[in-house]
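Participant: For reference, this is upload34.txt, and it has compact mmCIF, C-alpha atoms.
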```
# COMPACT_ATOMS: atom_id res chain seq x y z
CA MET A 915 -31.84 -17.26 -9.02
CA GLU A 916 -31.39 -17.98 -12.71
CA SER A 917 -27.96 -17.95 -14.31
CA VAL A 918 -26.33 -14.53 -14.37
CA GLN A 919 -26.12 -13.05 -17.83
CA ILE A 920 -22.56 -11.77 -18.03
CA GLU A 921 -21.23 -9.30 -20.56
CA GLU A 922 -20.19 -10.82 -23.87
CA PRO A 923 -17.33 -9.48 -26.02
CA VAL A 924 -18.98 -8.02 -29.10
CA GLY A 925 -17.02 -7.16 -32.21
CA GLY A 926 -13.53 -5.79 -32.10
CA THR A 927 -10.29 -7.27 -33.36
CA VAL A 928 -8.42 -9.97 -31.42
CA TYR A 929 -4.68 -10.27 -32.07
CA LYS A 930 -2.69 -13.52 -31.91
CA SER A 931 1.01 -13.95 -31.17
CA SER A 932 1.60 -14.74 -34.83
CA SER A 933 0.23 -11.31 -35.82
CA PRO A 934 0.37 -8.95 -32.81
CA TRP A 935 -0.51 -5.27 -32.72
CA LYS A 936 2.30 -2.72 -32.41
CA ALA A 937 1.12 -0.29 -29.73
CA THR A 938 2.77 2.73 -28.12
CA VAL A 939 3.43 3.32 -24.42
CA THR A 940 2.11 6.69 -23.27
CA ALA A 941 2.93 6.56 -19.54
CA ASN A 942 4.64 4.38 -16.93
CA THR A 943 4.25 5.44 -13.29
CA ARG A 944 5.06 3.72 -10.02
CA LEU A 945 2.10 2.75 -7.81
CA THR A 946 4.09 1.84 -4.70
CA GLY A 947 5.88 4.24 -2.38
CA LYS A 948 9.62 4.75 -2.77
CA GLU A 949 10.23 2.95 0.52
CA SER A 950 8.43 -0.16 -0.68
CA PRO A 951 10.61 -3.05 -1.90
CA ASP A 952 7.91 -3.85 -4.47
CA ASP A 953 8.07 -1.93 -7.73
CA ILE A 954 4.54 -2.05 -9.15
CA ARG A 955 3.70 -0.03 -12.23
CA HIS A 956 0.66 1.57 -13.85
CA ILE A 957 1.40 1.38 -17.57
CA LEU A 958 -0.69 3.09 -20.23
CA ILE A 959 -0.67 1.79 -23.80
CA ASN A 960 -2.23 3.52 -26.80
CA VAL A 961 -4.01 1.02 -29.05
CA GLU A 962 -5.56 3.54 -31.43
CA GLY A 963 -6.23 1.99 -34.82
CA SER A 964 -6.11 -1.58 -33.49
CA GLY A 965 -9.86 -2.12 -33.52
CA MET A 966 -9.66 -3.70 -30.04
CA MET A 967 -12.83 -3.51 -27.93
CA PRO A 968 -11.83 -4.99 -24.54
CA LEU A 969 -14.20 -5.42 -21.60
CA GLU A 970 -13.45 -5.23 -17.88
CA GLY A 971 -12.07 -8.60 -16.76
CA GLN A 972 -10.24 -9.33 -20.00
CA SER A 973 -6.48 -9.49 -20.55
CA VAL A 974 -3.91 -8.57 -23.16
CA GLY A 975 -0.60 -10.26 -23.83
CA ILE A 976 2.83 -8.67 -24.06
CA ILE A 977 5.44 -10.11 -26.40
CA ILE A 978 9.04 -9.79 -25.20
CA PRO A 979 11.61 -9.17 -27.94
CA GLY A 980 14.42 -11.67 -28.48
CA VAL A 981 14.79 -15.18 -27.09
CA ASP A 982 15.13 -16.79 -23.67
CA GLU A 983 18.20 -18.55 -22.19
CA SER A 984 17.43 -21.68 -24.20
CA GLY A 985 17.25 -19.77 -27.46
CA LYS A 986 13.47 -20.02 -27.77
CA LYS A 987 11.04 -17.16 -28.24
CA HIS A 988 9.65 -15.81 -25.00
CA ARG A 989 6.15 -16.95 -24.13
CA VAL A 990 3.43 -14.32 -24.30
CA ARG A 991 2.65 -13.00 -20.82
CA LEU A 992 -0.99 -12.11 -20.11
CA TYR A 993 -1.92 -9.13 -17.93
CA SER A 994 -5.36 -8.12 -16.71
CA ILE A 995 -6.61 -4.84 -18.11
CA ALA A 996 -6.97 -2.25 -15.35
CA SER A 997 -9.03 0.26 -17.35
CA PRO A 998 -12.76 0.15 -18.22
CA ARG A 999 -14.11 -0.51 -21.71
CA GLU A 1000 -14.33 3.23 -22.21
CA GLY A 1001 -10.53 3.41 -22.00
CA GLU A 1002 -8.11 5.26 -19.76
CA ASN A 1003 -9.17 8.87 -20.27
CA SER A 1004 -9.84 7.96 -23.91
CA GLY A 1005 -11.16 4.97 -25.78
CA HIS A 1006 -7.78 4.25 -27.30
CA VAL A 1007 -5.68 3.83 -24.14
CA ILE A 1008 -5.61 0.75 -21.90
CA ALA A 1009 -4.00 0.44 -18.47
CA LEU A 1010 -2.01 -2.49 -17.06
CA THR A 1011 -0.88 -3.11 -13.47
CA ILE A 1012 2.48 -4.91 -13.48
CA LYS A 1013 4.85 -5.89 -10.66
CA ARG A 1014 8.57 -6.15 -11.31
CA VAL A 1015 9.43 -9.77 -10.47
CA LEU A 1016 12.78 -10.66 -8.88
CA PHE A 1017 13.48 -14.21 -7.72
CA LYS A 1018 16.34 -16.33 -6.41
CA ASP A 1019 17.60 -19.18 -8.57
CA GLU A 1020 17.13 -22.34 -6.47
CA ILE A 1021 20.33 -23.88 -7.86
CA THR A 1022 22.79 -20.98 -8.01
CA GLY A 1023 21.23 -18.71 -5.40
CA GLU A 1024 21.59 -15.87 -7.88
CA MET A 1025 18.92 -13.18 -8.02
CA LYS A 1026 17.21 -13.11 -11.40
CA LYS A 1027 14.69 -10.89 -13.10
CA GLY A 1028 11.36 -12.06 -14.46
CA ALA A 1029 11.72 -11.48 -18.19
CA ALA A 1030 8.21 -10.24 -18.99
CA SER A 1031 7.62 -8.08 -15.92
CA ASN A 1032 10.99 -6.36 -16.08
CA TYR A 1033 10.64 -5.71 -19.80
CA ALA A 1034 7.22 -4.16 -19.19
CA CYS A 1035 8.25 -2.17 -16.11
CA ASP A 1036 11.20 -0.68 -18.00
CA LEU A 1037 9.06 0.57 -20.90
CA LYS A 1038 9.13 4.32 -21.41
CA PRO A 1039 6.66 6.74 -23.02
CA GLY A 1040 7.09 6.53 -26.76
CA ASP A 1041 8.32 2.93 -26.73
CA GLU A 1042 6.58 0.49 -29.04
CA VAL A 1043 5.33 -2.82 -27.64
CA LEU A 1044 3.78 -5.84 -29.34
CA ILE A 1045 0.52 -6.93 -27.74
CA THR A 1046 -2.02 -9.70 -28.26
CA GLY A 1047 -5.66 -10.12 -27.31
CA PRO A 1048 -7.91 -9.08 -25.75
CA VAL A 1049 -8.87 -12.49 -24.33
CA GLY A 1050 -11.16 -13.81 -21.60
CA ARG A 1051 -14.88 -14.60 -21.56
CA THR A 1052 -15.56 -15.68 -17.96
CA PHE A 1053 -14.28 -12.95 -15.60
CA LEU A 1054 -16.79 -10.38 -16.84
CA LEU A 1055 -19.38 -8.15 -15.19
CA PRO A 1056 -23.07 -9.09 -15.11
CA GLN A 1057 -25.31 -7.32 -17.60
CA ASP A 1058 -27.82 -6.41 -14.87
CA PRO A 1059 -26.63 -3.29 -12.96
CA SER A 1060 -28.76 -4.26 -9.94
CA THR A 1061 -26.46 -7.24 -9.26
CA ASP A 1062 -24.51 -7.14 -5.98
CA ILE A 1063 -20.76 -7.58 -6.49
CA ILE A 1064 -18.21 -9.06 -4.08
CA MET A 1065 -14.60 -8.57 -5.23
CA ILE A 1066 -11.64 -10.16 -3.44
CA ALA A 1067 -8.12 -9.22 -4.53
CA LEU A 1068 -4.53 -9.76 -3.54
CA GLY A 1069 -1.65 -7.66 -4.89
CA THR A 1070 -1.87 -6.93 -8.61
CA GLY A 1071 -5.12 -8.90 -8.61
CA ILE A 1072 -6.69 -5.48 -8.00
CA ALA A 1073 -6.27 -4.63 -11.71
CA PRO A 1074 -9.59 -5.96 -13.09
CA PHE A 1075 -11.46 -4.54 -10.09
CA ARG A 1076 -10.12 -1.07 -10.79
CA ALA A 1077 -11.63 -1.51 -14.25
CA PHE A 1078 -14.88 -2.74 -12.69
CA VAL A 1079 -15.38 0.21 -10.33
CA HIS A 1080 -14.41 2.79 -12.95
CA HIS A 1081 -17.00 1.39 -15.32
CA MET A 1082 -19.67 1.06 -12.66
CA TYR A 1083 -19.23 4.50 -11.08
CA ARG A 1084 -17.44 6.75 -13.56
CA GLU A 1085 -18.77 5.62 -16.91
CA ASN A 1086 -21.93 3.60 -16.32
CA LYS A 1087 -23.14 5.72 -13.37
CA SER A 1088 -26.23 3.56 -12.98
CA TRP A 1089 -24.99 0.59 -10.94
CA GLN A 1090 -27.57 -0.04 -8.27
CA GLY A 1091 -26.15 -3.23 -6.75
CA GLN A 1092 -24.08 -3.19 -3.58
CA VAL A 1093 -20.34 -3.45 -4.25
CA LEU A 1094 -17.83 -4.85 -1.73
CA LEU A 1095 -14.07 -4.88 -2.29
CA PHE A 1096 -11.72 -6.86 -0.05
CA PHE A 1097 -8.06 -6.16 -0.79
CA GLY A 1098 -4.95 -7.60 0.81
CA ALA A 1099 -1.46 -6.05 0.61
CA LYS A 1100 1.75 -5.97 2.65
CA THR A 1101 1.49 -2.36 3.81
CA GLY A 1102 -0.30 0.82 2.89
CA MET A 1103 2.38 1.51 0.27
CA GLU A 1104 1.28 -1.60 -1.65
CA MET A 1105 -2.42 -0.78 -1.34
CA LEU A 1106 -2.62 -0.22 -5.10
CA TYR A 1107 -4.92 2.54 -6.33
CA MET A 1108 -5.74 3.31 -2.71
CA ASN A 1109 -2.54 4.97 -1.47
CA ASP A 1110 -0.67 8.28 -1.63
CA GLU A 1111 0.79 7.48 -5.06
CA ASN A 1112 -2.57 6.80 -6.71
CA ASN A 1113 -6.02 6.95 -5.13
CA ASP A 1114 -8.16 6.01 -8.13
CA ILE A 1115 -10.37 3.61 -6.20
CA GLY A 1116 -10.42 5.74 -3.06
CA GLN A 1117 -12.42 8.39 -4.90
CA TYR A 1118 -15.43 6.07 -4.82
CA TYR A 1119 -15.49 5.67 -1.03
CA THR A 1120 -18.30 8.23 -0.86
CA LYS A 1121 -20.58 6.16 -3.09
CA GLU A 1122 -23.46 4.77 -1.02
CA THR A 1123 -23.28 1.37 -2.70
CA PHE A 1124 -19.48 0.93 -2.45
CA GLN A 1125 -17.45 -0.36 0.49
CA ALA A 1126 -13.73 -1.22 0.55
CA PHE A 1127 -11.98 -3.29 3.22
CA GLN A 1128 -8.17 -3.34 3.45
CA ALA A 1129 -5.99 -5.99 5.07
CA PHE A 1130 -2.28 -5.43 5.81
CA SER A 1131 -0.12 -8.52 6.29
CA ARG A 1132 2.99 -6.67 7.53
CA VAL A 1133 1.63 -3.81 9.60
CA GLY A 1134 0.87 -4.37 13.28
CA GLU A 1135 -1.23 -7.48 13.81
CA ARG A 1136 -0.94 -9.63 10.69
CA ARG A 1137 -4.23 -9.42 8.82
CA LEU A 1138 -4.89 -11.29 5.60
CA VAL A 1139 -7.75 -10.66 3.23
CA GLN A 1140 -9.65 -13.67 4.56
CA HIS A 1141 -9.39 -12.23 8.09
CA LYS A 1142 -11.01 -9.02 6.90
CA MET A 1143 -13.76 -11.08 5.30
CA ARG A 1144 -14.38 -12.92 8.58
CA ASP A 1145 -14.73 -9.54 10.29
CA ASN A 1146 -17.61 -8.81 7.93
CA LEU A 1147 -19.40 -12.15 7.70
CA ALA A 1148 -22.79 -10.64 8.52
CA LEU A 1149 -22.48 -8.17 5.64
CA ILE A 1150 -21.37 -10.87 3.20
CA TRP A 1151 -24.18 -13.20 4.27
CA GLU A 1152 -26.73 -10.41 3.90
CA ILE A 1153 -25.71 -10.10 0.25
CA MET A 1154 -25.64 -13.86 -0.29
CA LYS A 1155 -29.16 -14.16 1.16
CA ARG A 1156 -30.51 -11.74 -1.45
CA ASP A 1157 -29.32 -14.25 -4.04
CA ARG A 1158 -28.62 -11.69 -6.76
CA PHE A 1159 -24.85 -11.39 -6.60
CA SER A 1160 -21.61 -12.33 -8.35
CA ILE A 1161 -18.33 -13.15 -6.60
CA TYR A 1162 -14.91 -12.43 -8.13
CA ILE A 1163 -11.52 -13.61 -6.79
CA CYS A 1164 -8.24 -12.43 -8.33
CA GLY A 1165 -4.63 -12.82 -7.19
CA ILE A 1166 -1.81 -15.26 -6.64
CA LYS A 1167 -2.66 -18.91 -7.22
CA GLY A 1168 -3.69 -20.60 -3.98
CA VAL A 1169 -5.45 -17.58 -2.47
CA GLU A 1170 -8.79 -18.92 -3.70
CA GLU A 1171 -8.51 -21.87 -1.32
CA SER A 1172 -8.35 -19.79 1.86
CA ILE A 1173 -11.10 -17.49 0.58
CA GLU A 1174 -13.34 -20.44 -0.19
CA GLU A 1175 -12.87 -21.57 3.42
CA VAL A 1176 -14.47 -18.30 4.55
CA PHE A 1177 -17.54 -18.92 2.40
CA GLN A 1178 -17.63 -22.52 3.57
CA GLY A 1179 -17.71 -21.27 7.16
CA ILE A 1180 -20.63 -18.97 6.31
CA ALA A 1181 -22.55 -21.85 4.73
CA VAL A 1182 -21.89 -24.22 7.64
CA GLY A 1183 -23.02 -21.53 10.08
CA GLN A 1184 -26.32 -21.38 8.22
CA GLY A 1185 -26.69 -25.17 8.07
CA ILE A 1186 -26.12 -25.23 4.31
CA SER A 1187 -23.90 -27.56 2.29
CA TRP A 1188 -21.10 -25.45 0.85
CA LYS A 1189 -20.28 -28.10 -1.75
CA GLU A 1190 -23.81 -27.91 -3.14
CA LEU A 1191 -23.91 -24.12 -2.84
CA LEU A 1192 -20.61 -23.70 -4.71
CA ALA A 1193 -21.78 -26.02 -7.48
CA LYS A 1194 -24.93 -23.91 -7.77
CA TYR A 1195 -22.96 -20.66 -7.94
CA LYS A 1196 -20.67 -22.03 -10.64
CA GLU A 1197 -23.60 -23.31 -12.68
CA GLU A 1198 -25.30 -19.93 -12.41
CA LYS A 1199 -22.05 -18.15 -13.43
CA ARG A 1200 -21.82 -16.30 -10.15
CA TRP A 1201 -18.42 -17.63 -9.00
CA HIS A 1202 -15.44 -16.24 -10.94
CA VAL A 1203 -11.79 -17.00 -10.18
CA GLU A 1204 -8.74 -15.57 -11.96
CA VAL A 1205 -5.40 -16.62 -10.44
CA TYR A 1206 -1.83 -16.64 -11.76
```
Represent the supplied structure as structure tokens.
Facilitator:
Amino acid sequence: MESVQIEEPVGGTVYKSSSPWKATVTANTRLTGKESPDDIRHILINVEGSGMMPLEGQSVGIIIPGVDESGKKHRVRLYSIASPREGENSGHVIALTIKRVLFKDEITGEMKKGAASNYACDLKPGDEVLITGPVGRTFLLPQDPSTDIIMIALGTGIAPFRAFVHHMYRENKSWQGQVLLFFGAKTGMEMLYMNDENNDIGQYYTKETFQAFQAFSRVGERRLVQHKMRDNLALIWEIMKRDRFSIYICGIKGVEESIEEVFQGIAVGQGISWKELLAKYKEEKRWHVEVY
């Protein structure tokens, strides 16, 4: 297969931290059940008048007001856009998927709040927020709608894939390639966009070309996303054999290593060198990784 021709950002304004865009929050809803210890939010931001033209797979930055504990300006925090290029119900609204981060200070043992995530999760409708971007030129969809897509996500790594499926099935409506989504979460309450709080992705389960596989790490027998992939090796290999696919991995840094082991196992089982195969996929722009 020749190199995949991926979408290219065309036109639109890109904002830097030195001259950000002042946008307005229109909604902030919780995606996780009330019983869940994880507070993960679906935040809508109106960017009307900005001239932004983001694509699925790109990110925007949020600028936190004030300074950090050392007196320096906070660093811009990038978040994957969870809405398609057509916007969230309108072309002027983008969606972000943000988890409130709480962590224990290794020295004091004190619980602290992640500055960027807590600032974002506390935003209310009507609040103004400074944003940068959009940025990103590698984690983008192929131009050819007959391309098979394998998406592998963990936690808030589902954000760009929500944008993908909305564009492919709600807006584009002409995607002919087979689409597989493997998603790992703690419990059903953290199965973002596929739970009782929000079932955006679940609405596409009836599409003939779409299949979603969920793995729960804290319900019954511990199942990670790579375990769910191993349960479906034959299906994955069937797509790989057709040699007209793109693979996307998004989530916490380190997850790509265990996922790559699954593909390595598939290659070895077929008597193929995974090292050579991976190099080929990267050269052909069919292997995309976005970790944080």
Participant: Between CA of Glu1024 (chain A) and CA of Pro951 (chain A), what is the distance in Å, rounded to a tenth?
Facilitator: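 Going from CA of Glu1024 (chain A) over to CA of Pro951 (chain A), I get 17.9 Å.
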Participant: Could you give me, as a ChimeraX atom specification, the residues within 7 Å of Glu921 (chain A), counting only C-alpha atoms and dropping anything in the same chain fewer than 4 positions from it?
Facilitator: /A:1054-1057
Participant: A:Lys1100, A:Lys1167, A:Arg1137, A:His1080: which is nearest Phe1124 (chain A), counting only C-alpha atoms?
Facilitator: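 Of the candidates, the smallest distance to Phe1124 (chain A) is held by A:His1080.
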Participant: When you count all atoms listed in the file, which of these residues is closest to Ala996 (chain A): A:Ile1180, A:Leu1044, A:Cys1035, A:Ala1073?
Facilitator: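 Of A:Ile1180, A:Leu1044, A:Cys1035, A:Ala1073, the one nearest Ala996 (chain A) is A:Ala1073, counting all atoms listed in the file.
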Participant: Hey, can you check how far CA of Val924 (chain A) sits from CA of Arg1051 (chain A)?
Facilitator: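 So the two atoms, CA of Val924 (chain A) and CA of Arg1051 (chain A), lie 10.8 Å apart.
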Participant: Identify, on the basis of all atoms listed in the file, every residue whose closest approach to Gly963 (chain A) does not exceed 12 Å; exclude the query and any residue fewer than 2 positions from it along the same chain; express the result as number ranges by chain.
Facilitator: A: 926-927, 935-938, 960-961, 965-967, 1005-1007
Participant: Quick one: region 1075-1151 of chain A from the block, C-alpha atoms, as a compact mmCIF listing (two decimals), in the first residue's frame.
Facilitator:
```
# COMPACT_ATOMS: atom_id res chain seq x y z
CA PHE A 1075 -12.12 9.22 18.61
CA ARG A 1076 -15.45 10.75 19.57
CA ALA A 1077 -14.60 13.44 17.03
CA PHE A 1078 -13.64 10.77 14.49
CA VAL A 1079 -16.87 8.77 14.71
CA HIS A 1080 -19.08 11.86 14.72
CA HIS A 1081 -17.44 13.07 11.53
CA MET A 1082 -17.49 9.66 9.88
CA TYR A 1083 -21.09 8.75 10.72
CA ARG A 1084 -22.98 11.94 11.56
CA GLU A 1085 -21.47 14.51 9.24
CA ASN A 1086 -19.59 12.67 6.49
CA LYS A 1087 -22.08 9.78 6.26
CA SER A 1088 -20.05 8.14 3.51
CA TRP A 1089 -17.34 6.26 5.42
CA GLN A 1090 -17.10 2.83 3.87
CA GLY A 1091 -14.10 1.47 5.78
CA GLN A 1092 -14.50 -0.82 8.77
CA VAL A 1093 -14.10 0.99 12.09
CA LEU A 1094 -12.98 -0.72 15.31
CA LEU A 1095 -12.82 1.02 18.69
CA PHE A 1096 -11.09 -0.57 21.69
CA PHE A 1097 -11.62 1.41 24.89
CA GLY A 1098 -10.34 0.74 28.38
CA ALA A 1099 -11.79 2.26 31.58
CA LYS A 1100 -12.07 1.40 35.27
CA THR A 1101 -15.80 0.68 35.32
CA GLY A 1102 -18.88 1.36 33.25
CA MET A 1103 -19.18 4.78 34.92
CA GLU A 1104 -15.88 5.83 33.33
CA MET A 1105 -16.79 4.43 29.91
CA LEU A 1106 -16.87 7.96 28.49
CA TYR A 1107 -19.49 8.71 25.85
CA MET A 1108 -20.73 5.15 26.22
CA ASN A 1109 -22.48 5.24 29.61
CA ASP A 1110 -25.70 6.41 31.25
CA GLU A 1111 -24.45 10.00 31.53
CA ASN A 1112 -23.63 10.37 27.84
CA ASN A 1113 -24.04 7.78 25.09
CA ASP A 1114 -22.77 9.78 22.11
CA ILE A 1115 -20.67 6.95 20.71
CA GLY A 1116 -23.19 4.26 21.64
CA GLN A 1117 -25.62 5.67 19.07
CA TYR A 1118 -23.38 4.32 16.31
CA TYR A 1119 -23.46 0.70 17.50
CA THR A 1120 -26.07 -0.06 14.83
CA LYS A 1121 -23.78 1.03 12.00
CA GLU A 1122 -22.71 -2.02 9.99
CA THR A 1123 -19.13 -0.81 9.70
CA PHE A 1124 -18.65 0.14 13.38
CA GLN A 1125 -17.71 -2.12 16.29
CA ALA A 1126 -16.79 -1.07 19.84
CA PHE A 1127 -15.05 -3.27 22.42
CA GLN A 1128 -14.96 -2.25 26.09
CA ALA A 1129 -12.50 -3.38 28.74
CA PHE A 1130 -13.07 -2.80 32.48
CA SER A 1131 -10.04 -2.93 34.75
CA ARG A 1132 -11.97 -2.85 38.05
CA VAL A 1133 -15.09 -4.89 37.37
CA GLY A 1134 -15.01 -8.65 37.86
CA GLU A 1135 -12.04 -10.22 36.12
CA ARG A 1136 -9.50 -7.47 35.43
CA ARG A 1137 -9.53 -6.76 31.71
CA LEU A 1138 -7.28 -4.19 30.09
CA VAL A 1139 -7.67 -2.82 26.60
CA GLN A 1140 -4.88 -5.06 25.31
CA HIS A 1141 -6.75 -8.11 26.67
CA LYS A 1142 -9.81 -7.12 24.67
CA MET A 1143 -7.62 -6.77 21.60
CA ARG A 1144 -6.22 -10.27 22.13
CA ASP A 1145 -9.79 -11.57 22.27
CA ASN A 1146 -10.26 -10.20 18.76
CA LEU A 1147 -6.96 -10.98 17.07
CA ALA A 1148 -8.62 -12.67 14.10
CA LEU A 1149 -10.70 -9.56 13.39
CA ILE A 1150 -7.69 -7.25 13.71
CA TRP A 1151 -5.57 -9.46 11.46
```
